>>> print(open('input_8.csv').read())   # CSV, C-alpha atoms and all ligand atoms
chain,number,residue,atom,x,y,z
A,1,MET,CA,2.0,-77.9,25.4
A,2,LYS,CA,2.5,-76.1,28.7
A,3,ASN,CA,6.0,-75.1,27.7
A,4,ARG,CA,4.9,-73.9,24.2
A,5,LEU,CA,2.3,-71.7,25.9
A,6,GLU,CA,4.8,-70.3,28.3
A,7,GLN,CA,7.2,-69.6,25.4
A,8,ILE,CA,4.5,-67.8,23.4
A,9,ARG,CA,3.4,-65.8,26.4
A,10,GLU,CA,7.0,-64.6,27.2
A,11,LYS,CA,7.8,-63.9,23.6
A,12,ALA,CA,4.5,-61.9,23.1
A,13,ILE,CA,5.1,-59.8,26.1
A,14,SER,CA,8.7,-58.9,25.2
A,15,GLN,CA,7.7,-58.2,21.6
A,16,ILE,CA,4.8,-56.0,22.7
A,17,THR,CA,6.7,-53.9,25.1
A,18,GLY,CA,9.5,-53.5,22.5
A,19,CYS,CA,7.1,-51.8,20.0
A,20,ASP,CA,7.5,-48.1,19.4
A,21,THR,CA,4.8,-47.5,16.8
A,22,ALA,CA,1.1,-48.4,16.5
A,23,GLU,CA,1.8,-50.3,13.2
A,24,LYS,CA,4.4,-52.6,14.8
A,25,LEU,CA,2.1,-53.2,17.7
A,26,ASN,CA,-0.6,-54.3,15.4
A,27,GLU,CA,1.7,-56.6,13.5
A,28,VAL,CA,2.7,-58.3,16.8
A,29,ARG,CA,-1.0,-58.6,17.7
A,30,VAL,CA,-1.9,-60.3,14.4
A,31,ALA,CA,1.1,-62.7,14.7
A,32,ILE,CA,0.0,-63.9,18.1
A,33,LEU,CA,-3.7,-63.5,18.5
A,34,GLY,CA,-4.8,-63.3,14.8
A,35,LYS,CA,-6.6,-66.1,12.9
A,36,LYS,CA,-3.3,-67.6,11.9
A,37,GLY,CA,-1.5,-66.4,15.0
A,38,GLU,CA,0.6,-68.6,17.2
A,39,LEU,CA,-1.8,-68.7,20.2
A,40,THR,CA,-4.7,-69.5,17.8
A,41,ASP,CA,-2.5,-72.3,16.3
A,42,LEU,CA,-1.9,-73.6,19.8
A,43,LEU,CA,-5.6,-73.7,20.5
A,44,LYS,CA,-6.2,-75.7,17.4
A,45,SER,CA,-3.8,-78.4,18.7
A,46,MET,CA,-6.0,-78.9,21.7
A,47,LYS,CA,-7.3,-82.0,20.0
A,48,ASP,CA,-4.0,-83.7,20.8
A,49,VAL,CA,-4.4,-83.1,24.5
A,50,ALA,CA,-5.8,-85.9,26.6
A,51,PRO,CA,-9.5,-85.2,27.2
A,52,GLU,CA,-9.2,-85.0,31.0
A,53,GLU,CA,-6.4,-82.5,30.6
A,54,ARG,CA,-8.3,-80.2,28.2
A,55,PRO,CA,-10.3,-78.0,30.7
A,56,LYS,CA,-7.1,-77.2,32.5
A,57,VAL,CA,-5.1,-76.5,29.4
A,58,GLY,CA,-8.0,-74.5,27.9
A,59,GLN,CA,-8.1,-72.4,31.0
A,60,MET,CA,-4.3,-71.8,30.8
A,61,VAL,CA,-4.5,-70.7,27.2
A,62,ASN,CA,-7.4,-68.4,28.0
A,63,GLU,CA,-5.4,-66.9,30.9
A,64,ALA,CA,-2.4,-66.4,28.7
A,65,ARG,CA,-4.6,-64.7,26.0
A,66,ALA,CA,-6.1,-62.4,28.6
A,67,GLU,CA,-2.8,-61.4,29.9
A,68,ILE,CA,-1.3,-60.8,26.5
A,69,GLU,CA,-4.4,-58.7,25.6
A,70,LYS,CA,-4.0,-56.7,28.8
A,71,VAL,CA,-0.3,-56.0,28.2
A,72,LEU,CA,-1.2,-55.0,24.6
A,73,GLU,CA,-3.8,-52.5,25.8
A,74,GLU,CA,-1.5,-51.1,28.4
A,75,HIS,CA,1.4,-50.7,26.0
A,76,LYS,CA,-0.9,-49.1,23.5
A,77,SER,CA,-2.2,-46.4,25.9
A,78,LYS,CA,1.4,-45.9,27.2
A,79,MET,CA,2.5,-45.2,23.6
A,80,GLU,CA,-0.4,-42.9,22.8
A,81,LYS,CA,0.3,-40.9,26.0
A,82,ALA,CA,4.0,-40.5,25.0
A,83,LEU,CA,3.0,-39.4,21.6
A,84,ARG,CA,0.6,-36.8,22.9
A,85,GLU,CA,3.2,-35.5,25.3
A,86,ALA,CA,5.8,-35.2,22.6
A,87,LYS,CA,3.4,-33.4,20.4
A,88,MET,CA,2.5,-31.0,23.2
A,89,ARG,CA,6.2,-30.4,23.8
A,90,SER,CA,6.9,-29.6,20.2
A,91,GLU,CA,4.0,-27.3,19.9
A,92,VAL,CA,4.5,-25.4,23.1
A,93,ILE,CA,3.9,-21.7,22.8
A,94,ASP,CA,6.2,-19.5,24.7
A,95,VAL,CA,4.1,-16.5,25.5
A,96,THR,CA,7.0,-14.6,26.8
A,97,LEU,CA,8.8,-14.5,23.4
A,98,PRO,CA,8.7,-11.1,21.7
A,99,ALA,CA,5.9,-11.0,19.0
A,100,LYS,CA,6.8,-10.9,15.3
A,101,LYS,CA,6.6,-7.3,14.2
A,102,ALA,CA,4.1,-6.5,11.5
A,103,GLU,CA,5.9,-3.7,9.7
A,104,LEU,CA,3.2,-1.1,9.0
A,105,GLY,CA,4.0,1.4,6.3
A,106,HIS,CA,3.5,5.1,6.7
A,107,ARG,CA,1.7,7.8,4.8
A,108,HIS,CA,4.0,9.7,2.5
A,109,PRO,CA,4.6,13.4,3.2
A,110,ASN,CA,3.3,14.1,-0.3
A,111,THR,CA,0.0,12.3,0.6
A,112,ILE,CA,-0.2,14.1,4.0
A,113,ALA,CA,0.3,17.4,2.3
A,114,LEU,CA,-2.1,16.6,-0.5
A,115,GLU,CA,-4.9,15.6,1.9
A,116,GLU,CA,-4.3,18.9,3.8
A,117,VAL,CA,-4.6,20.9,0.6
A,118,GLU,CA,-7.7,18.9,-0.5
A,119,ARG,CA,-9.3,19.5,2.9
A,120,ILE,CA,-8.8,23.2,2.6
A,121,PHE,CA,-10.3,23.5,-0.9
A,122,VAL,CA,-13.1,21.0,-0.4
A,123,GLY,CA,-14.0,23.2,2.6
A,124,MET,CA,-14.3,26.1,0.2
A,125,GLY,CA,-16.7,24.2,-2.0
A,126,TYR,CA,-14.2,22.8,-4.6
A,127,GLU,CA,-14.5,19.4,-6.3
A,128,VAL,CA,-11.5,17.1,-6.5
A,129,VAL,CA,-11.1,15.8,-10.1
A,130,GLU,CA,-8.6,13.5,-11.7
A,131,GLY,CA,-6.9,13.9,-15.1
A,132,SER,CA,-4.9,11.3,-17.0
A,133,GLU,CA,-1.1,11.2,-17.0
A,134,VAL,CA,-1.0,10.3,-20.7
A,135,GLU,CA,-2.3,13.3,-22.6
A,136,LYS,CA,-2.6,14.7,-26.1
A,137,ASP,CA,-0.3,17.5,-27.1
A,138,TYR,CA,-3.5,19.5,-27.7
A,139,TYR,CA,-4.5,19.5,-24.0
A,140,ASN,CA,-1.0,19.8,-22.6
A,141,PHE,CA,0.0,22.7,-24.9
A,142,GLU,CA,-2.2,23.9,-27.8
A,143,ALA,CA,-5.4,24.5,-25.8
A,144,LEU,CA,-3.4,26.3,-23.1
A,145,ASN,CA,-2.2,28.9,-25.6
A,146,ILE,CA,1.1,27.2,-26.1
A,147,PRO,CA,1.4,26.7,-29.9
A,148,ALA,CA,4.1,24.4,-31.5
A,149,ASP,CA,6.8,27.1,-31.7
A,150,HIS,CA,6.2,28.6,-28.2
A,151,PRO,CA,9.3,28.7,-26.0
A,152,ALA,CA,7.3,27.4,-23.0
A,153,LYS,CA,7.2,24.1,-24.8
A,154,ASP,CA,11.0,23.9,-24.8
A,155,GLU,CA,11.1,24.6,-21.1
A,156,GLN,CA,8.8,21.7,-20.4
A,157,ASP,CA,10.5,19.3,-22.8
A,158,THR,CA,8.9,16.0,-22.1
A,159,PHE,CA,8.4,12.3,-22.9
A,160,TYR,CA,6.6,11.7,-26.2
A,161,ILE,CA,4.8,8.4,-26.5
A,162,ALA,CA,3.5,8.3,-30.0
A,163,SER,CA,2.7,10.5,-32.9
A,164,ALA,CA,-0.8,9.4,-33.7
A,165,ASN,CA,-1.8,10.1,-37.3
A,166,GLY,CA,-3.8,13.3,-37.6
A,167,THR,CA,-4.6,13.5,-33.9
A,168,GLY,CA,-1.4,15.1,-32.8
A,169,GLU,CA,1.2,13.8,-30.5
A,170,ILE,CA,0.6,11.8,-27.3
A,171,LEU,CA,2.9,12.5,-24.4
A,172,LEU,CA,3.3,12.3,-20.6
A,173,ARG,CA,1.7,15.5,-19.4
A,174,THR,CA,4.2,18.1,-18.2
A,175,GLN,CA,1.6,20.0,-16.1
A,176,THR,CA,-1.9,19.3,-14.7
A,177,SER,CA,-3.2,22.5,-16.5
A,178,GLY,CA,-4.7,20.3,-19.2
A,179,VAL,CA,-7.3,19.1,-16.8
A,180,GLN,CA,-8.7,22.7,-16.9
A,181,ILE,CA,-9.5,22.2,-20.6
A,182,HIS,CA,-11.1,18.8,-20.0
A,183,GLU,CA,-13.3,20.3,-17.3
A,184,MET,CA,-14.3,23.3,-19.4
A,185,GLU,CA,-15.1,21.1,-22.4
A,186,LYS,CA,-17.7,19.3,-20.3
A,187,GLY,CA,-19.8,22.4,-20.5
A,188,ARG,CA,-21.0,22.2,-16.9
A,189,LEU,CA,-20.7,25.7,-15.4
A,190,PRO,CA,-19.8,27.0,-12.9
A,191,ILE,CA,-16.6,25.1,-12.3
A,192,ARG,CA,-14.8,25.0,-9.0
A,193,MET,CA,-12.2,22.3,-9.0
A,194,ILE,CA,-8.8,21.1,-8.0
A,195,ALA,CA,-7.0,18.4,-9.9
A,196,PRO,CA,-4.0,16.8,-8.2
A,197,GLY,CA,-1.7,14.4,-10.1
A,198,ARG,CA,1.6,13.3,-11.4
A,199,VAL,CA,3.5,15.2,-14.1
A,200,PHE,CA,6.6,14.4,-16.1
A,201,ARG,CA,9.5,16.4,-17.5
A,202,SER,CA,12.9,15.3,-18.9
A,203,ASP,CA,14.8,16.9,-16.0
A,204,GLU,CA,17.9,15.5,-14.3
A,205,VAL,CA,17.5,14.4,-10.7
A,206,ASP,CA,18.9,16.7,-8.1
A,207,ALA,CA,18.0,18.2,-4.7
A,208,THR,CA,15.2,20.2,-6.3
A,209,HIS,CA,14.3,18.4,-9.5
A,210,SER,CA,12.8,15.1,-10.5
A,211,PRO,CA,11.6,13.8,-13.9
A,212,CYS,CA,8.3,12.9,-12.1
A,213,PHE,CA,6.6,15.1,-9.6
A,214,HIS,CA,3.1,16.2,-8.6
A,215,GLN,CA,1.1,19.3,-9.1
A,216,ILE,CA,-2.3,20.5,-7.9
A,217,GLU,CA,-4.2,22.4,-10.5
A,218,GLY,CA,-7.0,24.8,-9.5
A,219,LEU,CA,-9.8,26.3,-11.7
A,220,VAL,CA,-12.8,28.4,-11.0
A,221,VAL,CA,-15.0,29.6,-13.9
A,222,ASP,CA,-18.3,31.5,-13.3
A,223,ARG,CA,-19.9,34.8,-14.0
A,224,HIS,CA,-18.3,37.8,-12.4
A,225,ILE,CA,-15.1,36.1,-11.2
A,226,THR,CA,-12.4,38.7,-10.7
A,227,PHE,CA,-8.7,38.9,-9.6
A,228,ALA,CA,-10.0,39.8,-6.2
A,229,ASP,CA,-11.6,36.4,-5.9
A,230,LEU,CA,-8.3,34.8,-6.8
A,231,LYS,CA,-6.4,36.9,-4.2
A,232,GLY,CA,-8.9,36.2,-1.5
A,233,THR,CA,-9.0,32.5,-2.2
A,234,LEU,CA,-5.2,32.0,-2.2
A,235,ALA,CA,-4.8,34.2,0.9
A,236,GLU,CA,-7.2,32.0,2.7
A,237,PHE,CA,-5.5,28.9,1.4
A,238,ALA,CA,-2.1,30.1,2.6
A,239,LYS,CA,-3.4,30.9,6.0
A,240,ALA,CA,-5.0,27.6,6.4
A,241,LEU,CA,-1.9,25.7,5.3
A,242,PHE,CA,0.9,27.8,6.9
A,243,GLY,CA,-0.9,29.5,9.8
A,244,GLU,CA,-3.1,32.5,10.5
A,245,GLU,CA,-0.2,35.0,10.4
A,246,THR,CA,0.8,34.1,6.8
A,247,LYS,CA,0.8,37.0,4.3
A,248,VAL,CA,0.7,36.6,0.5
A,249,LYS,CA,2.4,38.6,-2.2
A,250,PHE,CA,1.4,38.5,-5.8
A,251,ARG,CA,4.4,39.1,-8.2
A,252,PRO,CA,3.6,39.8,-11.9
A,253,HIS,CA,4.6,36.8,-14.0
A,254,HIS,CA,3.8,35.3,-17.4
A,255,PHE,CA,1.9,32.1,-18.1
A,256,PRO,CA,0.5,31.6,-21.7
A,257,PHE,CA,-2.9,30.4,-20.4
A,258,THR,CA,-3.6,33.2,-17.9
A,259,GLU,CA,-3.8,37.0,-18.3
A,260,PRO,CA,-2.8,38.6,-16.1
A,261,SER,CA,-0.6,36.1,-14.4
A,262,ALA,CA,1.3,36.1,-11.1
A,263,GLU,CA,3.5,34.1,-8.9
A,264,VAL,CA,2.5,33.9,-5.3
A,265,ASP,CA,4.9,34.2,-2.3
A,266,VAL,CA,4.0,33.5,1.3
A,267,SER,CA,5.7,35.2,4.2
A,268,CYS,CA,8.3,32.9,5.7
A,269,PHE,CA,6.5,30.8,8.3
A,270,LYS,CA,9.9,30.1,10.0
A,271,CYS,CA,11.0,33.7,10.7
A,272,GLY,CA,7.7,35.5,10.1
A,273,GLY,CA,9.2,37.5,7.3
A,274,LYS,CA,12.3,38.8,9.0
A,275,GLY,CA,14.6,36.8,6.8
A,276,CYS,CA,16.3,33.5,7.7
A,277,ARG,CA,18.2,30.6,6.2
A,278,PHE,CA,14.9,28.9,5.3
A,279,CYS,CA,13.7,31.8,3.1
A,280,LYS,CA,17.3,32.6,2.0
A,281,GLY,CA,17.1,35.9,3.8
A,282,SER,CA,14.2,37.4,1.7
A,283,GLY,CA,11.4,36.7,4.2
A,284,TRP,CA,9.3,35.3,1.3
A,285,ILE,CA,8.8,31.8,-0.1
A,286,GLU,CA,7.4,31.2,-3.6
A,287,ILE,CA,4.6,28.6,-3.5
A,288,LEU,CA,2.6,28.7,-6.8
A,289,GLY,CA,1.7,30.2,-10.1
A,290,CYS,CA,-1.8,31.7,-11.0
A,291,GLY,CA,-3.8,34.1,-13.0
A,292,MET,CA,-7.1,34.9,-14.7
A,293,VAL,CA,-7.9,32.3,-17.4
A,294,HIS,CA,-7.0,33.8,-20.8
A,295,PRO,CA,-10.1,34.7,-22.8
A,296,HIS,CA,-8.7,32.8,-25.8
A,297,VAL,CA,-8.4,29.6,-23.6
A,298,LEU,CA,-12.0,30.0,-22.5
A,299,GLU,CA,-13.1,30.4,-26.1
A,300,MET,CA,-11.1,27.4,-27.4
A,301,SER,CA,-12.9,25.3,-24.8
A,302,GLY,CA,-16.3,26.5,-25.8
A,303,ILE,CA,-16.9,29.1,-23.1
A,304,ASP,CA,-18.0,32.7,-23.9
A,305,PRO,CA,-15.4,35.0,-22.4
A,306,GLU,CA,-17.9,37.9,-22.5
A,307,GLU,CA,-20.2,36.0,-20.1
A,308,TYR,CA,-17.8,34.0,-18.0
A,309,THR,CA,-14.4,34.7,-16.4
A,310,GLY,CA,-12.2,32.5,-14.3
A,311,PHE,CA,-9.0,32.0,-12.4
A,312,ALA,CA,-6.5,29.2,-12.3
A,313,PHE,CA,-3.6,28.2,-10.2
A,314,GLY,CA,-0.9,25.5,-10.1
A,315,ILE,CA,0.8,24.3,-7.0
A,316,GLY,CA,3.8,22.1,-6.8
A,317,LEU,CA,2.9,19.4,-4.3
A,318,GLU,CA,6.5,18.4,-3.4
A,319,ARG,CA,7.4,22.0,-2.9
A,320,ILE,CA,4.6,22.4,-0.3
A,321,ALA,CA,5.6,19.1,1.4
A,322,LEU,CA,9.3,20.1,1.5
A,323,LEU,CA,8.4,23.5,3.0
A,324,LYS,CA,5.9,22.2,5.5
A,325,TYR,CA,8.0,19.4,6.8
A,326,GLU,CA,11.3,21.2,6.4
A,327,ILE,CA,12.8,18.5,4.1
A,328,ASP,CA,15.9,19.8,2.3
A,329,ASP,CA,16.4,17.3,-0.5
A,330,LEU,CA,13.7,16.2,-2.9
A,331,ARG,CA,15.4,12.8,-3.5
A,332,LEU,CA,14.4,11.7,0.0
A,333,MET,CA,10.8,11.8,-1.1
A,334,TYR,CA,11.2,9.0,-3.6
A,335,GLU,CA,13.5,6.6,-1.7
A,336,ASN,CA,10.6,5.2,0.4
A,337,ASP,CA,12.9,4.6,3.4
A,338,ILE,CA,10.4,3.9,6.1
A,339,ARG,CA,12.7,5.5,8.7
A,340,PHE,CA,12.4,8.8,6.7
A,341,LEU,CA,8.7,8.5,6.1
A,342,ARG,CA,7.9,7.7,9.8
A,343,GLN,CA,9.0,11.2,10.8
A,344,PHE,CA,5.9,12.9,9.4
B,1,LIG,N1,1.2,24.8,-15.2
B,1,LIG,C1,2.2,25.7,-14.7
B,1,LIG,C2,3.6,25.1,-14.6
B,1,LIG,O1,3.6,23.9,-14.7
B,1,LIG,C3,1.7,26.2,-13.3
B,1,LIG,C4,0.6,27.1,-13.4
B,1,LIG,C5,0.8,28.4,-13.4
B,1,LIG,C6,-0.7,26.6,-13.4
B,1,LIG,C7,-0.3,29.3,-13.5
B,1,LIG,C8,-1.8,27.5,-13.4
B,1,LIG,C9,-1.6,28.8,-13.5
B,1,LIG,O2,-3.1,27.0,-13.5
B,1,LIG,O3,-2.6,29.7,-13.6
B,1,LIG,O4,4.5,25.8,-14.5
>>> encode(input="input_8.csv", output="structure tokens")
Amino acid sequence: MKNRLEQIREKAISQITGCDTAEKLNEVRVAILGKKGELTDLLKSMKDVAPEERPKVGQMVNEARAEIEKVLEEHKSKMEKALREAKMRSEVIDVTLPAKKAELGHRHPNTIALEEVERIFVGMGYEVVEGSEVEKDYYNFEALNIPADHPAKDEQDTFYIASANGTGEILLRTQTSGVQIHEMEKGRLPIRMIAPGRVFRSDEVDATHSPCFHQIEGLVVDRHITFADLKGTLAEFAKALFGEETKVKFRPHHFPFTEPSAEVDVSCFKCGGKGCRFCKGSGWIEILGCGMVHPHVLEMSGIDPEEYTGFAFGIGLERIALLKYEIDDLRLMYENDIRFLRQF
């Protein structure tokens, strides 16, 4: 009996201390101390021990049990501690490591230039409106005095989407000028608006052309609007955008929807008008087209040209951005290279 007990005790201790997981430890505990465990079995055989020996043997069994339980507890907490330490080691945070960089994007030069233009016109009391990129032939051409056989239509050859029965063709707009018509048709006068947006033409990509670019349309319609208002407005705009010293020059031009029409040049903000590489020696840089809204255009949109007059202008947004930020190739604008964008 005594030998058995000693065997069990030694075996238990060596098994316990050899355990490396909580599950194994539990198995060993059940095998020794459980209901059918070896030590429990041994207790059951106490009946075979001589009565006078029983108290002594009982005490020995109890001592062995207490010792095994103590070793079990100790090993359990030792294992838990090791586990905790391993976990801490694996989750350690090295605060000296360089942080992961969150790559922030950058506002596009087009966006920066547009916000600048919007700020200037909103400051003069203009509303910013939005047109749609998919447009009816009527709004893109007809209502702007560009009938089917007009050469201006050829110049702006575009992407046709569908030929809707009876309602004319549907296309990607070639200019933002159609927004003028939509605004005038609303019948809310006076109008003082700019309409920025994307336009499309079937042009080949090169340093100055892209099949998709942006324009900013402007329209003012009210009683007593004259060419002087147009000149004053655009002169103010040019000064606000390119600097107080900027001069404007109106060159006669032709647009079907304005009469008279002009192209506007600004004095070169690089050389002040003396002539440099930037303005190709002329001292002037073209920035937009404009004119007095053609009476026929007003009429077609339901406005009485005897009572109301107006002016309109169209600015190429990329052109403004390229000039302002001295970018020499339009293609750079569409590559979205963050290293390029970050410079502005
Ligand atoms: N829509 C013209 C173009 O794409 C630009 C333009 C010229 C707009 C004169 C205007 C304007 O409103 O009055 O070439």
>>> residues_near_ligand(input="input_8.csv", ligand="ligand LIG 1 (chain B)", cutoff="8 Å", atoms="only C-alpha atoms and all ligand atoms", output="list in words")
Thr174, Gln175, Thr176, Ser177, Gln180, Gln215, Glu217, Gly218, Leu219, Phe255, Phe257, Thr258, Ser261, Ala262, Glu263, Leu288, Gly289, Cys290, Gly291, Met292, Val293, Phe311, Ala312, Phe313, Gly314, Ile315 and Gly316 of chain A
>>> closest_residue(input="input_8.csv", among="A:Ser14, A:Asn110, A:Ser90, A:Gln59", to="Lys2 in chain A", atoms="all atoms listed in the file")
A:Gln59
>>> closest_residue(input="input_8.csv", among="A:Arg4, A:Arg331, A:Arg198, A:Lys81", to="Leu43 in chain A", atoms="only C-alpha atoms")
A:Arg4
>>> atom_distance(input="input_8.csv", atom1="CA of Leu72 in chain A", atom2="CA of Leu42 in chain A")
19.2 Å
>>> residues_around(input="input_8.csv", residues="His296 in chain A", least_positions_apart="4", cutoff="12 Å", atoms="all atoms listed in the file", output="PyMOL selection string")
chain A and resi 142-146+181+256-259+292+300-306+309
>>> atom_distance(input="input_8.csv", atom1="CA of Leu33 in chain A", atom2="CA of Ser45 in chain A")
14.9 Å
>>> atom_distance(input="input_8.csv", atom1="CA of Ile32 in chain A", atom2="CA of Ala50 in chain A")
24.3 Å
>>> residues_around(input="input_8.csv", residues="Cys279 in chain A", least_positions_apart="5", cutoff="12 Å", atoms="only C-alpha atoms", output="number ranges by chain")
A: 265-274, 284-287, 323, 326
>>> closest_residue(input="input_8.csv", among="A:Ile216, A:Ile16, A:Ile338, A:Arg201", to="Lys70 in chain A", atoms="all atoms listed in the file")
A:Ile16
>>> residues_near_point(input="input_8.csv", point="(-4.6, -67.4, 20.9)", cutoff="12 Å", atoms="all atoms listed in the file", output="VMD selection string")
chain A and resid 4 to 5 8 to 9 12 29 to 46 58 to 69
>>> write_last_selection(input="input_8.csv", atoms="C-alpha atoms", output="PDB file, keeping the file's coordinate frame")
ATOM      1  CA  ARG A   4       4.900 -73.900  24.200  1.00  0.00           C
ATOM      2  CA  LEU A   5       2.300 -71.700  25.900  1.00  0.00           C
ATOM      3  CA  ILE A   8       4.500 -67.800  23.400  1.00  0.00           C
ATOM      4  CA  ARG A   9       3.400 -65.800  26.400  1.00  0.00           C
ATOM      5  CA  ALA A  12       4.500 -61.900  23.100  1.00  0.00           C
ATOM      6  CA  ARG A  29      -1.000 -58.600  17.700  1.00  0.00           C
ATOM      7  CA  VAL A  30      -1.900 -60.300  14.400  1.00  0.00           C
ATOM      8  CA  ALA A  31       1.100 -62.700  14.700  1.00  0.00           C
ATOM      9  CA  ILE A  32       0.000 -63.900  18.100  1.00  0.00           C
ATOM     10  CA  LEU A  33      -3.700 -63.500  18.500  1.00  0.00           C
ATOM     11  CA  GLY A  34      -4.800 -63.300  14.800  1.00  0.00           C
ATOM     12  CA  LYS A  35      -6.600 -66.100  12.900  1.00  0.00           C
ATOM     13  CA  LYS A  36      -3.300 -67.600  11.900  1.00  0.00           C
ATOM     14  CA  GLY A  37      -1.500 -66.400  15.000  1.00  0.00           C
ATOM     15  CA  GLU A  38       0.600 -68.600  17.200  1.00  0.00           C
ATOM     16  CA  LEU A  39      -1.800 -68.700  20.200  1.00  0.00           C
ATOM     17  CA  THR A  40      -4.700 -69.500  17.800  1.00  0.00           C
ATOM     18  CA  ASP A  41      -2.500 -72.300  16.300  1.00  0.00           C
ATOM     19  CA  LEU A  42      -1.900 -73.600  19.800  1.00  0.00           C
ATOM     20  CA  LEU A  43      -5.600 -73.700  20.500  1.00  0.00           C
ATOM     21  CA  LYS A  44      -6.200 -75.700  17.400  1.00  0.00           C
ATOM     22  CA  SER A  45      -3.800 -78.400  18.700  1.00  0.00           C
ATOM     23  CA  MET A  46      -6.000 -78.900  21.700  1.00  0.00           C
ATOM     24  CA  GLY A  58      -8.000 -74.500  27.900  1.00  0.00           C
ATOM     25  CA  GLN A  59      -8.100 -72.400  31.000  1.00  0.00           C
ATOM     26  CA  MET A  60      -4.300 -71.800  30.800  1.00  0.00           C
ATOM     27  CA  VAL A  61      -4.500 -70.700  27.200  1.00  0.00           C
ATOM     28  CA  ASN A  62      -7.400 -68.400  28.000  1.00  0.00           C
ATOM     29  CA  GLU A  63      -5.400 -66.900  30.900  1.00  0.00           C
ATOM     30  CA  ALA A  64      -2.400 -66.400  28.700  1.00  0.00           C
ATOM     31  CA  ARG A  65      -4.600 -64.700  26.000  1.00  0.00           C
ATOM     32  CA  ALA A  66      -6.100 -62.400  28.600  1.00  0.00           C
ATOM     33  CA  GLU A  67      -2.800 -61.400  29.900  1.00  0.00           C
ATOM     34  CA  ILE A  68      -1.300 -60.800  26.500  1.00  0.00           C
ATOM     35  CA  GLU A  69      -4.400 -58.700  25.600  1.00  0.00           C
TER      36      GLU A  69
END
>>> closest_residue(input="input_8.csv", among="A:Leu317, A:Ile194, A:Leu330, A:Ala86", to="Thr111 in chain A", atoms="all atoms listed in the file")
A:Leu317
>>> closest_residue(input="input_8.csv", among="A:Glu74, A:Glu116, A:Glu85, A:Glu23", to="Ala240 in chain A", atoms="only C-alpha atoms")
A:Glu116
>>> residues_around(input="input_8.csv", residues="Ala228 in chain A", least_positions_apart="3", cutoff="12 Å", atoms="only C-alpha atoms", output="ChimeraX atom specification")
/A:224-225,231-235,250,291-292,310-311
>>> closest_residue(input="input_8.csv", among="A:Val297, A:Cys212, A:Leu332, A:Met193", to="Phe121 in chain A", atoms="only C-alpha atoms")
A:Met193
